[in-house]
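This report refers to the structure that appears directly beneath it.
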Amino acid sequence: MANNEESRGLKSLFDWFANRRKSGSTSLERQEREIADGLWHKCSKCGVLAYTKDLKANQMVCVECNHHNRVDSDERIRQLIDSNTWKPLDEHLRPTDPLEFRDRKLYSDRLRETQDKIGLIDAVRTGLGQINGLPIALGVMDFRFMGGSMGSVVGERLTRMIEQATQRRYPVVIVCTSGGARMQEGMLSLMQMAKISAALQRHKDARLLYIPVLTNPTTGGVTASFAMLGDIILAEPKATIGFAGRRVIEQTLREKLPENFQTAEDLLQHGFVDDIVPRTQLKNTLAQLIALHQPVLTTPHMVLWETMSLTSTAAE
Ligand SMILES: [Zn+2]
């Protein structure tokens with residue numbers, strides 16, 4: 001009898017665990033489905049689940065651990081540019097495959113697949129818009145497109161945008177994220193570094209402001225050119241910023257590198273970046289910096305001040 005009761009007890013306990021596991025797996029499946037559907041977002045740092053809507057309201061910064069989750073170019077433009085002021089530039093420029101390059105697959109196939117998957121033509125979007133009412137030219141790289149690699153279209157779009165900005169006397173902001181030059185375009189991708197840098201020099205000669213914003217990760221040819229040419233260089237917290245990767249350097253030097261190597265914080269300490277700005281403050285910081293660096297003669301109170309001093313000179 002006791003044995004019977006015992007076995008019944010065990011059975012019910014077994015059932016209870018089995019049910020629990022079953023319901024657990026169902027909720028896990030549902031959770032995974034919801035994550036896949038984009039309702040939920042799992043923080044890649046602390047693993048906390050957050051409603052995508054809440055996370056977007058906090059600009060994709062985790063409320064638990066302050067991790068800056070990656071944002072795509074659409075979201076970034078929404079975060080930085082005043083609504084209804086964005087005018088995209090050079091959307092017609094499309095990448096080609098002049099070298100007919102093939103690695104595991106043809107470069108032309110890789111391009112087409114990526115374009116179909118994420119709905120972008122290449123790894124940067126450029127345009128004109130306003131930031132708290134101030135006009136700017138903005139370039140935003142998108143890591144989803146072949147790791148934000150810099151090919152001919154990235155170079156050409158950025159160059160044309162900088163040239164427009166020089167003509168219109170607009171400041172330039174480029175939000176960088178890149179794995180480096182696009183190897184599939186060989187020399188042509190490396191030439192973009194010089195081309196963009198030359199356009200930036202002409203922008204600088206016109207005494208105009210350029211601010212790159214380095215986000216996670218900014219590496220390779222982008223770091224070696226326009227990411228480091230800013231008048232004021234901003235970075236997002238904990239962003240990886242470097243030229244060659246940690247593993248390559250460790251293997252070459254045969255030395256273990258410090259934990260914070262190539263982080264925005266380390267670069268700030270060594271003077272490579274000017275400030276680390278949390279994403280939630282980025283728009284206002286950029287707007288403030290741009291307002292402070294407005295060309296002097298176009299600021300109304302300066303014109304007024306000059307008129308007044310001229311009048312007072314005339315009165316003497
Ligand atoms: Zn987190």
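Here's how to read the names in the structure tokens: chain A, B, ... by the order shown, residue numbers from 1 in each chain, ligand numbers from 1 in the order shown.
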May I have the residues within 8 Å of stretch 127-133 of chain A as a PDB file with C-alpha atoms, in the first residue's frame, using only C-alpha atoms and disregarding those fewer than 4 positions away in the same chain?
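Okay, this is what ended up in around-v6.pdb:
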```
ATOM      1  CA  LEU A  80      19.520  62.042 -35.403  1.00  0.00           C
ATOM      2  CA  ILE A  81      17.549  63.911 -38.047  1.00  0.00           C
ATOM      3  CA  ASP A  82      14.481  66.088 -37.379  1.00  0.00           C
ATOM      4  CA  THR A  85      13.773  66.985 -43.125  1.00  0.00           C
ATOM      5  CA  TRP A  86      15.771  64.032 -44.545  1.00  0.00           C
ATOM      6  CA  LYS A  87      16.663  64.304 -48.244  1.00  0.00           C
ATOM      7  CA  PRO A  88      18.668  61.274 -49.413  1.00  0.00           C
ATOM      8  CA  LEU A  89      21.472  61.794 -51.945  1.00  0.00           C
ATOM      9  CA  ALA A 137      25.086  66.647 -44.402  1.00  0.00           C
ATOM     10  CA  LEU A 138      24.931  63.196 -42.823  1.00  0.00           C
ATOM     11  CA  GLY A 139      26.457  59.880 -43.851  1.00  0.00           C
ATOM     12  CA  MET A 161      27.939  64.321 -49.988  1.00  0.00           C
ATOM     13  CA  LYS A 283      21.692  64.318 -31.148  1.00  0.00           C
ATOM     14  CA  ASN A 284      21.772  67.197 -28.664  1.00  0.00           C
ATOM     15  CA  LEU A 286      25.989  67.194 -32.138  1.00  0.00           C
ATOM     16  CA  ALA A 287      23.484  70.057 -32.414  1.00  0.00           C
TER      17      ALA A 287
END
```
Check your understanding: Taking the backbone alone, and naming residues the way the document does, which bits of stretch 15-211 of chain A are alpha helix (DSSP H) by DSSP, as a ChimeraX atom specification?
Key -> /A:15-37,52-57,73-80,107-118,152-168,187-205
Practice item. Could you give me, as a count of residues only, every polymer residue with an atom at most 12 Å away from an atom of ligand 1, counting only C-alpha atoms and all ligand atoms? Key: 21
Might you pull out every residue within 10 Å of A:Thr215, with only C-alpha atoms counted and same-chain residues fewer than 5 positions away left off, and present them as a CSV table (one decimal) with N, CA and C atoms, in the first residue's frame?
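Below is the file that was written, out35.csv:
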```csv
chain,number,residue,atom,x,y,z
A,68,HIS,N,25.2,49.5,-25.8
A,68,HIS,CA,24.7,50.1,-27.0
A,68,HIS,C,24.5,49.1,-28.1
A,70,ARG,N,23.5,47.4,-31.6
A,70,ARG,CA,23.8,47.9,-32.9
A,70,ARG,C,22.5,48.4,-33.5
A,71,VAL,N,22.6,49.6,-34.2
A,71,VAL,CA,21.4,50.1,-34.9
A,71,VAL,C,21.7,50.2,-36.4
A,141,MET,N,26.8,54.7,-42.0
A,141,MET,CA,27.2,53.4,-42.5
A,141,MET,C,26.3,52.4,-41.9
A,175,VAL,N,28.5,58.9,-39.4
A,175,VAL,CA,28.4,57.8,-38.3
A,175,VAL,C,29.1,56.6,-38.9
A,176,CYS,N,30.2,56.3,-38.3
A,176,CYS,CA,31.1,55.2,-38.9
A,176,CYS,C,30.8,53.9,-38.2
A,177,THR,N,30.7,52.8,-39.0
A,177,THR,CA,30.8,51.4,-38.5
A,177,THR,C,31.3,50.6,-39.7
A,178,SER,N,32.4,49.9,-39.5
A,178,SER,CA,32.9,49.3,-40.7
A,178,SER,C,34.0,48.2,-40.3
A,234,LEU,N,33.9,62.0,-32.1
A,234,LEU,CA,33.1,61.5,-31.0
A,234,LEU,C,33.0,60.0,-31.1
A,235,ALA,N,32.8,59.3,-30.0
A,235,ALA,CA,32.7,57.8,-30.1
A,235,ALA,C,31.5,57.4,-29.2
A,236,GLU,N,30.9,56.2,-29.4
A,236,GLU,CA,29.9,55.7,-28.5
A,236,GLU,C,30.6,54.9,-27.5
A,237,PRO,N,30.0,54.8,-26.3
A,237,PRO,CA,30.6,54.0,-25.2
A,237,PRO,C,31.0,52.6,-25.6
A,238,LYS,N,32.2,52.1,-25.2
A,238,LYS,CA,32.6,50.7,-25.4
A,238,LYS,C,32.8,50.3,-26.8
A,239,ALA,N,32.7,51.3,-27.8
A,239,ALA,CA,32.9,50.9,-29.2
A,239,ALA,C,34.3,50.4,-29.4
A,240,THR,N,34.4,49.4,-30.3
A,240,THR,CA,35.8,48.9,-30.7
A,240,THR,C,36.2,49.8,-31.8
A,241,ILE,N,37.4,50.4,-31.7
A,241,ILE,CA,37.9,51.3,-32.7
A,241,ILE,C,39.4,50.9,-32.9
A,264,ALA,N,36.8,52.6,-27.1
A,264,ALA,CA,36.6,54.0,-27.2
A,264,ALA,C,37.2,54.7,-25.9
A,279,ARG,N,24.5,57.3,-26.6
A,279,ARG,CA,23.7,57.5,-27.8
A,279,ARG,C,22.5,58.4,-27.5
```
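Across the structure, atom CA of A:Thr218 and atom CA of A:Gly179 are spaced 6.6 Å apart.
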Check your understanding: How would you write, as a VMD selection string, the set of residues in stretch 29-182 of chain A that DSSP gives as strand (DSSP E)?
Key -> chain A and resid 40 to 42 49 to 51 87 to 88 124 to 131 134 to 141 172 to 178
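One finds atom CA of A:Pro95 at 13.4 Å from atom CA of A:Gln192.
Our summary of the geometry notes that atom CA of A:Ile211 is positioned 6.1 Å from atom CA of A:Asp231.
Compared by their closest atoms to A:Ala165, and using only C-alpha atoms, the residues A:Phe272, A:Tyr210, A:Phe243, A:Phe143 rank with A:Tyr210 nearest.
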Practice item. Determine, counting only C-alpha atoms, which protein, DNA and RNA residues have an atom within 9 Å of an atom of A:Met183; residues of the same chain fewer than 4 positions away are not included. Present the result as number ranges by chain. Key: A: 149-151, 187, 189-190
Go ahead and dump the residues you just picked, C-alpha atoms, as an mmCIF file, in the first residue's frame.
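Output file result.cif is given in full below:
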```cif
data_model
loop_
_atom_site.group_PDB
_atom_site.id
_atom_site.type_symbol
_atom_site.label_atom_id
_atom_site.label_comp_id
_atom_site.auth_asym_id
_atom_site.auth_seq_id
_atom_site.Cartn_x
_atom_site.Cartn_y
_atom_site.Cartn_z
ATOM 1 C CA SER A 149 32.798 47.490 -45.846
ATOM 2 C CA MET A 150 34.003 50.428 -47.915
ATOM 3 C CA GLY A 151 33.656 49.787 -51.639
ATOM 4 C CA MET A 187 42.523 48.479 -55.332
ATOM 5 C CA SER A 189 38.176 50.076 -52.524
ATOM 6 C CA LEU A 190 41.548 51.328 -51.245
#
```
Check your understanding: With only C-alpha atoms as the basis for distance, which of A:Thr114, A:Glu163, A:Ile136, A:Glu259 is at the shortest distance from A:Gln294?
Key -> A:Ile136
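Among A:Leu253, A:Val248, A:Gly155, A:His293, the residue with the shortest atom-to-atom distance to A:Ser225, counting only C-alpha atoms, is A:Gly155.
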Exercise for review: Find, counting only C-alpha atoms, the residue in A:Gln164, A:Ala198, A:Pro217, A:Val153 that gets nearest to A:Gly180.
Suggested key: A:Pro217
Review point. Taking into account only C-alpha atoms, which residue in the set A:Glu113, A:Glu185, A:Asp142, A:Glu255 is nearest to A:Asp97?
Key: A:Glu185
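Closest approach to A:Tyr170 among A:Ala206, A:Arg254, A:Gly147, A:Met191 is made by A:Ala206 (distances from only C-alpha atoms).
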